[in-house]
$ cat input20.cif   # mmCIF, C-alpha atoms
data_work
loop_
_atom_site.label_atom_id
_atom_site.label_comp_id
_atom_site.auth_asym_id
_atom_site.auth_seq_id
_atom_site.Cartn_x
_atom_site.Cartn_y
_atom_site.Cartn_z
CA MET A 1 61.37 145.73 53.39
CA GLY A 2 64.04 145.76 56.06
CA SER A 3 65.59 143.92 58.99
CA LEU A 4 64.89 144.10 62.72
CA PRO A 5 67.60 145.90 64.75
CA VAL A 6 69.91 143.53 66.65
CA PRO A 7 73.07 143.89 68.76
CA SER A 8 76.48 143.90 67.09
CA VAL A 9 78.05 140.44 67.25
CA GLN A 10 81.48 142.10 67.32
CA ALA A 11 80.45 144.03 70.45
CA LEU A 12 78.92 140.88 71.94
CA VAL A 13 82.21 139.01 71.51
CA ALA A 14 84.17 141.90 73.03
CA ALA A 15 81.83 141.94 76.05
CA THR A 16 81.77 138.18 76.64
CA GLY A 17 85.13 137.07 75.35
CA GLY A 18 83.35 134.86 72.81
CA ASP A 19 82.03 132.43 75.44
CA ASP A 20 79.12 129.96 75.31
CA ALA A 21 76.55 132.63 76.19
CA ALA A 22 77.39 134.58 73.05
CA ALA A 23 77.41 131.43 70.92
CA GLU A 24 73.95 130.43 72.14
CA ALA A 25 72.55 133.70 70.72
CA VAL A 26 73.16 132.68 67.13
CA THR A 27 72.24 130.07 64.58
CA CYS A 28 73.46 126.51 65.08
CA ASP A 29 74.06 124.15 62.15
CA GLY A 30 76.62 121.43 62.49
CA ASP A 31 76.95 119.53 59.22
CA GLY A 32 80.19 117.91 58.14
CA ASP A 33 82.85 119.58 56.04
CA GLY A 34 82.23 117.51 52.96
CA ASP A 35 84.86 116.36 50.50
CA GLY A 36 88.09 118.21 51.14
CA GLU A 37 89.64 117.18 47.83
CA ALA A 38 87.49 118.74 45.09
CA GLN A 39 87.73 122.47 44.42
CA ILE A 40 85.64 124.88 42.41
CA PRO A 41 86.91 125.62 38.87
CA ILE A 42 89.40 128.43 38.19
CA ILE A 43 88.64 130.67 35.20
CA ASP A 44 91.13 133.06 33.59
CA HIS A 45 89.38 136.35 32.84
CA ARG A 46 92.10 137.60 30.49
CA ARG A 47 91.69 134.52 28.29
CA LEU A 48 87.90 134.92 28.31
CA LEU A 49 88.22 138.46 26.96
CA LEU A 50 90.50 137.25 24.17
CA GLU A 51 87.91 134.60 23.24
CA LEU A 52 84.82 136.83 23.40
CA ASP A 53 84.32 137.07 19.62
CA HIS A 54 85.02 133.46 18.67
CA GLY A 55 84.73 131.25 21.76
CA GLY A 56 87.44 128.84 22.87
CA GLU A 57 88.72 126.57 25.63
CA GLU A 58 88.34 129.07 28.48
CA SER A 59 84.78 129.98 27.44
CA ALA A 60 83.92 126.27 27.36
CA ARG A 61 85.43 125.86 30.83
CA LEU A 62 83.27 128.74 32.09
CA HIS A 63 80.15 127.17 30.54
CA ARG A 64 80.81 123.87 32.33
CA ALA A 65 81.47 125.68 35.62
CA CYS A 66 78.12 127.50 35.38
CA GLN A 67 76.27 124.28 34.55
CA ASP A 68 77.96 121.88 36.95
CA TRP A 69 79.17 124.02 39.87
CA GLY A 70 77.45 127.42 39.93
CA PHE A 71 80.71 128.72 41.45
CA PHE A 72 84.17 129.51 40.11
CA GLN A 73 87.25 131.55 40.99
CA LEU A 74 88.18 134.32 38.56
CA VAL A 75 91.89 135.05 38.16
CA ASN A 76 93.72 137.61 35.98
CA HIS A 77 90.73 139.95 36.20
CA SER A 78 90.79 143.60 35.19
CA VAL A 79 90.34 145.25 38.61
CA PRO A 80 93.63 147.03 39.43
CA ASP A 81 95.62 145.57 42.32
CA ASP A 82 95.84 148.92 44.09
CA VAL A 83 92.04 149.27 44.06
CA VAL A 84 91.59 145.75 45.47
CA GLU A 85 94.18 146.30 48.21
CA SER A 86 92.73 149.69 49.13
CA MET A 87 89.24 148.17 49.35
CA LYS A 88 90.52 145.45 51.68
CA ALA A 89 92.33 147.97 53.89
CA ASN A 90 89.31 150.28 54.13
CA ILE A 91 86.97 147.44 55.13
CA GLN A 92 89.38 146.22 57.81
CA GLN A 93 89.79 149.75 59.16
CA PHE A 94 86.03 150.37 59.19
CA PHE A 95 85.30 147.33 61.35
CA GLN A 96 88.13 148.34 63.71
CA LEU A 97 86.45 151.70 64.41
CA PRO A 98 84.84 152.24 67.84
CA ALA A 99 81.26 150.91 68.10
CA GLU A 100 79.86 154.44 68.52
CA THR A 101 81.51 155.58 65.29
CA LYS A 102 80.10 152.64 63.32
CA LYS A 103 76.62 153.30 64.73
CA ARG A 104 76.59 156.62 62.85
CA PHE A 105 76.03 154.50 59.74
CA ALA A 106 73.47 152.12 61.30
CA GLN A 107 70.49 150.83 59.36
CA GLU A 108 67.25 152.73 59.81
CA GLN A 109 64.02 150.91 60.58
CA GLY A 110 62.59 149.23 57.50
CA GLN A 111 65.75 149.91 55.45
CA LEU A 112 68.40 147.51 54.14
CA GLU A 113 71.29 149.92 53.81
CA GLY A 114 73.77 150.66 56.55
CA TYR A 115 75.61 148.90 59.36
CA GLY A 116 73.79 146.03 61.08
CA GLN A 117 72.34 142.73 59.86
CA LEU A 118 69.99 141.52 57.11
CA PHE A 119 67.20 138.93 57.10
CA VAL A 120 66.31 139.37 60.78
CA VAL A 121 62.53 138.95 60.55
CA SER A 122 61.64 137.63 64.01
CA GLU A 123 62.66 138.48 67.57
CA ASP A 124 62.79 134.73 68.28
CA GLN A 125 65.21 134.05 65.43
CA LYS A 126 68.75 132.96 66.22
CA LEU A 127 71.25 135.33 64.66
CA ASP A 128 74.10 134.73 62.26
CA TRP A 129 77.55 135.25 63.81
CA ALA A 130 78.35 138.35 61.79
CA ASP A 131 78.02 142.11 61.45
CA MET A 132 77.80 143.74 58.06
CA LEU A 133 77.72 146.99 56.15
CA PHE A 134 75.26 146.91 53.25
CA LEU A 135 75.40 149.62 50.56
CA TYR A 136 73.97 150.28 47.10
CA ALA A 137 76.62 151.52 44.66
CA GLN A 138 75.09 151.32 41.16
CA PRO A 139 73.51 153.09 39.45
CA PRO A 140 75.10 156.11 41.20
CA GLU A 141 71.75 157.85 41.83
CA ARG A 142 70.75 154.95 44.14
CA ARG A 143 73.60 155.73 46.54
CA LYS A 144 72.60 156.95 49.99
CA THR A 145 75.87 158.52 50.98
CA LYS A 146 74.79 159.04 54.60
CA PHE A 147 75.41 155.30 55.00
CA TRP A 148 78.78 155.45 53.18
CA PRO A 149 81.40 155.79 55.95
CA ASP A 150 83.54 158.93 55.90
CA GLN A 151 86.01 157.04 58.08
CA PRO A 152 88.47 155.77 56.93
CA ALA A 153 88.98 158.90 54.85
CA THR A 154 89.47 157.00 51.57
CA PHE A 155 86.50 154.63 52.01
CA ARG A 156 84.07 156.44 49.69
CA SER A 157 86.50 157.13 46.87
CA THR A 158 87.83 153.57 47.01
CA LEU A 159 84.36 152.00 46.91
CA ASP A 160 83.46 154.25 43.97
CA ARG A 161 86.45 152.99 41.95
CA TYR A 162 85.99 149.37 43.06
CA SER A 163 82.29 149.46 42.18
CA GLY A 164 82.84 150.65 38.61
CA ALA A 165 85.66 148.18 37.95
CA LEU A 166 83.60 145.27 39.30
CA LYS A 167 80.55 146.21 37.22
CA ASP A 168 82.77 145.99 34.11
CA VAL A 169 83.91 142.49 35.12
CA SER A 170 80.34 141.36 35.77
CA ASP A 171 79.12 142.73 32.42
CA SER A 172 81.93 140.98 30.54
CA LEU A 173 81.16 137.66 32.25
CA LEU A 174 77.46 137.99 31.37
CA ALA A 175 78.42 138.65 27.72
CA THR A 176 80.51 135.47 27.56
CA MET A 177 77.78 133.48 29.34
CA ALA A 178 75.15 134.68 26.85
CA LYS A 179 77.39 133.65 23.94
CA ASN A 180 77.97 130.25 25.60
CA LEU A 181 74.19 129.79 25.74
CA GLY A 182 73.86 130.44 22.02
CA LEU A 183 72.50 133.97 22.51
CA LYS A 184 73.73 137.31 21.27
CA ARG A 185 76.36 138.45 23.74
CA GLU A 186 74.37 141.57 24.66
CA THR A 187 71.14 139.63 25.46
CA ILE A 188 71.68 139.62 29.23
CA ALA A 189 74.02 142.62 29.51
CA ASP A 190 71.43 144.86 27.82
CA LYS A 191 69.14 144.19 30.78
CA CYS A 192 71.88 145.52 33.09
CA ILE A 193 72.86 148.85 31.50
CA ARG A 194 71.39 150.65 34.53
CA GLY A 195 71.71 147.50 36.60
CA MET A 196 71.76 147.60 40.38
CA GLN A 197 74.87 146.70 42.30
CA SER A 198 75.00 146.32 46.06
CA PHE A 199 77.76 145.42 48.50
CA ARG A 200 77.69 143.40 51.68
CA MET A 201 80.86 143.87 53.74
CA ASN A 202 81.05 141.08 56.30
CA TYR A 203 82.79 140.86 59.66
CA TYR A 204 82.72 137.39 61.22
CA PRO A 205 84.21 137.49 64.75
CA GLN A 206 86.10 134.47 66.05
CA CYS A 207 84.10 132.09 68.25
CA ALA A 208 85.62 129.52 70.62
CA GLN A 209 82.43 127.47 70.13
CA ALA A 210 82.67 127.74 66.34
CA GLU A 211 80.84 124.46 65.79
CA LYS A 212 77.75 125.94 67.51
CA VAL A 213 77.36 128.94 65.23
CA VAL A 214 77.24 129.86 61.55
CA GLY A 215 78.50 133.15 60.11
CA LEU A 216 75.91 133.29 57.33
CA SER A 217 72.98 130.86 57.15
CA PRO A 218 72.76 128.45 54.18
CA HIS A 219 71.16 130.26 51.24
CA SER A 220 71.36 131.02 47.55
CA ASP A 221 71.81 134.58 46.23
CA ALA A 222 68.83 136.37 44.64
CA ASN A 223 70.79 138.31 42.01
CA LEU A 224 72.43 137.50 38.66
CA LEU A 225 76.11 137.29 39.62
CA THR A 226 77.95 137.67 42.93
CA LEU A 227 81.66 138.50 43.12
CA VAL A 228 83.26 137.89 46.52
CA LEU A 229 86.61 139.24 47.64
CA GLN A 230 88.34 137.57 50.56
CA VAL A 231 89.56 140.49 52.70
CA ASN A 232 91.88 138.61 55.08
CA HIS A 233 93.49 135.16 55.07
CA VAL A 234 90.82 133.34 57.12
CA GLN A 235 88.65 130.96 55.10
CA GLY A 236 84.98 130.28 55.80
CA LEU A 237 82.92 130.02 52.60
CA GLN A 238 81.38 126.58 51.98
CA ILE A 239 79.18 125.38 49.11
CA LYS A 240 76.68 122.51 49.06
CA ARG A 241 78.10 119.86 46.74
CA ASN A 242 76.61 116.36 46.41
CA GLY A 243 74.82 116.75 49.73
CA SER A 244 77.89 117.82 51.75
CA TRP A 245 79.54 121.12 52.62
CA LEU A 246 82.67 121.78 50.56
CA PRO A 247 85.08 124.43 51.91
CA VAL A 248 86.25 126.92 49.26
CA LYS A 249 89.98 127.66 49.32
CA PRO A 250 90.40 131.17 47.86
CA VAL A 251 93.17 131.65 45.32
CA PRO A 252 95.19 134.80 46.17
CA GLY A 253 93.98 137.73 44.08
CA ALA A 254 90.92 135.89 42.74
CA PHE A 255 87.25 136.76 42.96
CA ILE A 256 84.94 133.94 43.97
CA VAL A 257 82.01 134.20 41.55
CA ASN A 258 78.66 132.50 41.86
CA ILE A 259 75.49 132.23 39.81
CA GLY A 260 72.46 133.83 41.49
CA ASP A 261 68.80 132.85 41.43
CA MET A 262 67.97 135.39 38.71
CA LEU A 263 70.50 133.88 36.32
CA GLU A 264 69.16 130.39 36.98
CA VAL A 265 65.68 131.74 36.18
CA PHE A 266 66.87 133.63 33.06
CA THR A 267 68.57 130.47 31.74
CA ASN A 268 65.54 128.29 32.62
CA GLY A 269 67.74 126.15 34.85
CA ARG A 270 70.73 125.70 32.52
CA TYR A 271 72.98 127.58 34.94
CA ARG A 272 72.71 126.71 38.62
CA SER A 273 72.37 128.88 41.71
CA ILE A 274 74.01 126.92 44.52
CA GLU A 275 73.36 126.85 48.26
CA HIS A 276 76.28 128.18 50.29
CA ARG A 277 77.09 129.39 53.81
CA ALA A 278 79.85 131.01 55.85
CA VAL A 279 81.36 129.35 58.91
CA VAL A 280 83.46 131.07 61.56
CA ASP A 281 86.93 130.41 62.88
CA PRO A 282 87.55 129.53 66.55
CA LYS A 283 90.60 131.79 66.83
CA GLU A 284 90.55 134.51 64.17
CA GLU A 285 88.11 137.00 62.70
CA ARG A 286 87.18 136.68 59.02
CA LEU A 287 86.31 139.54 56.64
CA SER A 288 84.93 139.44 53.12
CA VAL A 289 83.02 141.68 50.72
CA ALA A 290 80.35 140.42 48.33
CA ALA A 291 79.22 142.46 45.32
CA PHE A 292 75.73 141.58 44.03
CA HIS A 293 74.86 142.42 40.42
CA PHE A 294 71.24 142.82 39.29
CA PRO A 295 69.39 143.80 36.13
CA ASP A 296 67.77 147.22 35.65
CA MET A 297 64.97 148.09 38.07
CA ASP A 298 62.33 147.80 35.32
CA ALA A 299 63.51 144.34 34.18
CA MET A 300 61.18 141.35 34.27
CA ILE A 301 62.68 138.28 35.93
CA GLY A 302 61.69 135.12 34.08
CA PRO A 303 63.07 132.59 31.58
CA LEU A 304 64.50 134.32 28.50
CA LYS A 305 62.18 133.84 25.54
CA GLU A 306 65.22 133.25 23.31
CA LEU A 307 65.89 130.06 25.30
CA THR A 308 62.35 128.74 25.74
CA ALA A 309 61.00 128.75 22.16
CA HIS A 310 60.98 124.94 22.18
CA GLU A 311 60.58 124.18 25.90
CA ASP A 312 58.28 125.00 28.79
CA ASP A 313 59.15 127.71 31.30
CA ALA A 314 60.36 126.13 34.55
CA TYR A 315 60.03 129.36 36.55
CA LYS A 316 57.53 132.16 37.15
CA THR A 317 58.03 135.64 35.69
CA LEU A 318 57.96 138.56 38.15
CA ASP A 319 58.97 142.20 38.04
CA LEU A 320 62.25 142.87 39.84
CA GLU A 321 60.69 144.82 42.69
CA SER A 322 58.27 142.00 43.58
CA PHE A 323 61.09 139.47 43.30
CA MET A 324 63.26 141.40 45.77
CA LYS A 325 60.44 142.09 48.24
CA ILE A 326 59.77 138.38 48.55
CA PHE A 327 63.49 137.61 48.92
CA PHE A 328 64.23 140.11 51.71
CA ALA A 329 60.99 139.48 53.64
CA THR A 330 62.02 136.01 54.82
CA LYS A 331 64.91 134.50 56.74
CA LEU A 332 67.71 133.06 54.63
CA GLU A 333 66.91 129.37 54.42
CA GLY A 334 68.62 127.11 51.92
CA MET A 335 67.06 127.06 48.45
CA SER A 336 63.53 127.83 49.68
CA PHE A 337 63.27 131.13 47.78
CA LEU A 338 64.23 129.64 44.40
CA ASP A 339 61.87 126.74 45.07
CA ARG A 340 59.01 129.24 45.39
CA MET A 341 59.91 130.65 41.96
CA LYS A 342 59.54 127.25 40.26
CA LEU A 343 56.43 126.30 38.30
CA ASN A 344 55.04 122.84 39.08
#
$ encode --input "input20.cif" --output "structure tokens"
Amino acid sequence: MGSLPVPSVQALVAATGGDDAAAEAVTCDGDGDGDGEAQIPIIDHRRLLLELDHGGEESARLHRACQDWGFFQLVNHSVPDDVVESMKANIQQFFQLPAETKKRFAQEQGQLEGYGQLFVVSEDQKLDWADMLFLYAQPPERRKTKFWPDQPATFRSTLDRYSGALKDVSDSLLATMAKNLGLKRETIADKCIRGMQSFRMNYYPQCAQAEKVVGLSPHSDANLLTLVLQVNHVQGLQIKRNGSWLPVKPVPGAFIVNIGDMLEVFTNGRYRSIEHRAVVDPKEERLSVAAFHFPDMDAMIGPLKELTAHEDDAYKTLDLESFMKIFFATKLEGMSFLDRMKLN
């Protein structure tokens, strides 16, 4: 389970000035920008926490967002501002390091972790217009610190703090979601006590031929919940909504949260994992960091029996390891992975 080694897109842009030759090396996908008016729901985390024991308006708003959108922006969350700002600064500084320094943390053959790209499964495949740093952070014993940059000097300590604070946010959201589904609030969170958490730090270089490339191919996320932090001011995330691509406009200080395939499976389709992609800017680089939250390694991934007592399972049940092997063994391609999980 790994990704084929490929050149750094950042280095490619530096060498070519971002011309047509570089653009031709990556994926092309030129759909329209969709409806520029609608925006994904905004959920207030502080209000959710106040409503955890008894439900309320904000919890109901979250429930509708999970059912109808699969995406929302989370404001007034509990991650300290200084931790968020330090994480942003460290990611920006890492991608500004010389290429030779970054290569010290390069992925090894057959491995996911490190600096490089994911989902490169064929030498004939066109590449996404992005470089990334992929790291496991939770549980702590899964960390391979040789891939955790020691430059900038505060990178490791910042990611450690950011990781723990984000896991708390994810667990609290899963508790409210369980309650919204009529379950005990610990039903899903109990499957995540030793849950895995991984980070994908993305660098999308500018591209003068931006309409010819895509930063991250259309896909859905395999995990339970993803929390994305916009690192700089350049937008690029788009979600599939009513057949068109809808640009997401990040609210300052918010996390963009989306339902992953595993949560759609757990809820037997009540909550929706939505196709999304990243586009690039013709003039400016874009940086973001996505945090992926998973159940424990020994968890079974299938519809929760508490929800399917009076209905048929819509999805297969697999152990987590098998689920992830299938996911990472193929190129990101729309909703094809979730489709393979569906029963007839």
$ resolve_selection --input "input20.cif" --expression "the PyMOL selection byres ((chain A and resi 267) around 9)" --output "MDAnalysis selection string"
chainID A and resid 181 262:266 268:272 302:304 307:308
$ atom_distance --input "input20.cif" --atom1 "atom CA of A:Asp81" --atom2 "atom CA of A:Ala291"
17.0 Å
$ closest_residue --input "input20.cif" --among "A:Leu183, A:Leu135, A:Leu159, A:Val169" --to "A:Glu306" --atoms "only C-alpha atoms"
A:Leu183
$ atom_distance --input "input20.cif" --atom1 "atom CA of A:Asp82" --atom2 "atom CA of A:Phe294"
25.8 Å
$ resolve_selection --input "input20.cif" --expression "the PyMOL selection byres ((chain A and resi 258) around 9)" --output "ChimeraX atom specification"
/A:66,69-73,221,224-228,256-257,259-260,272-274
$ closest_residue --input "input20.cif" --among "A:Ala153, A:Asp68, A:Ala99, A:Ser322" --to "A:Asn242" --atoms "all atoms listed in the file"
A:Asp68
$ resolve_selection --input "input20.cif" --expression "the PyMOL selection byres ((chain A and resi 247) around 6)" --output "list of chain:residue names"
A:Gln238, A:Leu246, A:Val248
$ closest_residue --input "input20.cif" --among "A:Ala65, A:Val84, A:Ala38, A:Ala208" --to "A:Leu229" --atoms "all atoms listed in the file"
A:Val84
$ atom_distance --input "input20.cif" --atom1 "atom CA of A:Val234" --atom2 "atom CA of A:Arg286"
5.3 Å
$ decode --input "input20.cif" --residues "stretch 204-262 of chain A" --atoms "C-alpha atoms" --output "CSV table (one decimal), in the first residue's frame"
chain,number,residue,atom,x,y,z
A,204,TYR,CA,-0.8,23.8,-4.7
A,205,PRO,CA,1.5,25.9,-6.9
A,206,GLN,CA,0.1,28.6,-9.1
A,207,CYS,CA,-0.5,27.6,-12.7
A,208,ALA,CA,-0.9,30.0,-15.6
A,209,GLN,CA,-2.9,27.3,-17.4
A,210,ALA,CA,-5.1,26.7,-14.3
A,211,GLU,CA,-8.1,25.6,-16.4
A,212,LYS,CA,-6.0,22.6,-17.7
A,213,VAL,CA,-5.1,21.2,-14.3
A,214,VAL,CA,-6.7,20.1,-11.0
A,215,GLY,CA,-5.0,20.4,-7.6
A,216,LEU,CA,-6.7,17.3,-6.2
A,217,SER,CA,-8.8,15.0,-8.3
A,218,PRO,CA,-12.5,14.6,-7.6
A,219,HIS,CA,-13.0,12.1,-4.8
A,220,SER,CA,-14.7,11.4,-1.5
A,221,ASP,CA,-12.8,10.9,1.8
A,222,ALA,CA,-12.5,7.3,3.2
A,223,ASN,CA,-12.6,8.3,6.9
A,224,LEU,CA,-15.2,9.3,9.4
A,225,LEU,CA,-14.7,13.1,9.6
A,226,THR,CA,-12.2,15.4,7.8
A,227,LEU,CA,-11.3,18.9,9.3
A,228,VAL,CA,-9.6,21.2,6.8
A,229,LEU,CA,-7.7,24.3,7.7
A,230,GLN,CA,-7.2,26.9,5.0
A,231,VAL,CA,-3.5,27.9,5.5
A,232,ASN,CA,-3.4,31.0,3.3
A,233,HIS,CA,-6.0,33.3,1.7
A,234,VAL,CA,-6.2,31.5,-1.7
A,235,GLN,CA,-9.4,29.5,-2.2
A,236,GLY,CA,-9.7,26.3,-4.2
A,237,LEU,CA,-11.9,23.7,-2.5
A,238,GLN,CA,-15.1,22.8,-4.6
A,239,ILE,CA,-17.9,20.4,-3.7
A,240,LYS,CA,-20.2,18.6,-6.1
A,241,ARG,CA,-23.7,20.0,-5.5
A,242,ASN,CA,-26.7,19.3,-7.8
A,243,GLY,CA,-24.4,18.1,-10.6
A,244,SER,CA,-22.1,21.3,-10.6
A,245,TRP,CA,-19.0,22.3,-8.8
A,246,LEU,CA,-19.6,24.8,-6.0
A,247,PRO,CA,-16.6,26.8,-4.7
A,248,VAL,CA,-16.3,26.9,-0.9
A,249,LYS,CA,-15.6,30.3,0.5
A,250,PRO,CA,-13.7,29.7,3.8
A,251,VAL,CA,-14.9,31.7,6.8
A,252,PRO,CA,-11.8,33.2,8.6
A,253,GLY,CA,-10.9,31.0,11.6
A,254,ALA,CA,-13.3,28.2,10.7
A,255,PHE,CA,-12.6,24.5,9.9
A,256,ILE,CA,-14.2,23.1,6.8
A,257,VAL,CA,-15.7,19.8,8.0
A,258,ASN,CA,-16.9,17.0,5.8
A,259,ILE,CA,-18.5,13.6,6.3
A,260,GLY,CA,-16.3,10.7,5.1
A,261,ASP,CA,-17.3,7.4,3.5
A,262,MET,CA,-17.0,5.5,6.8
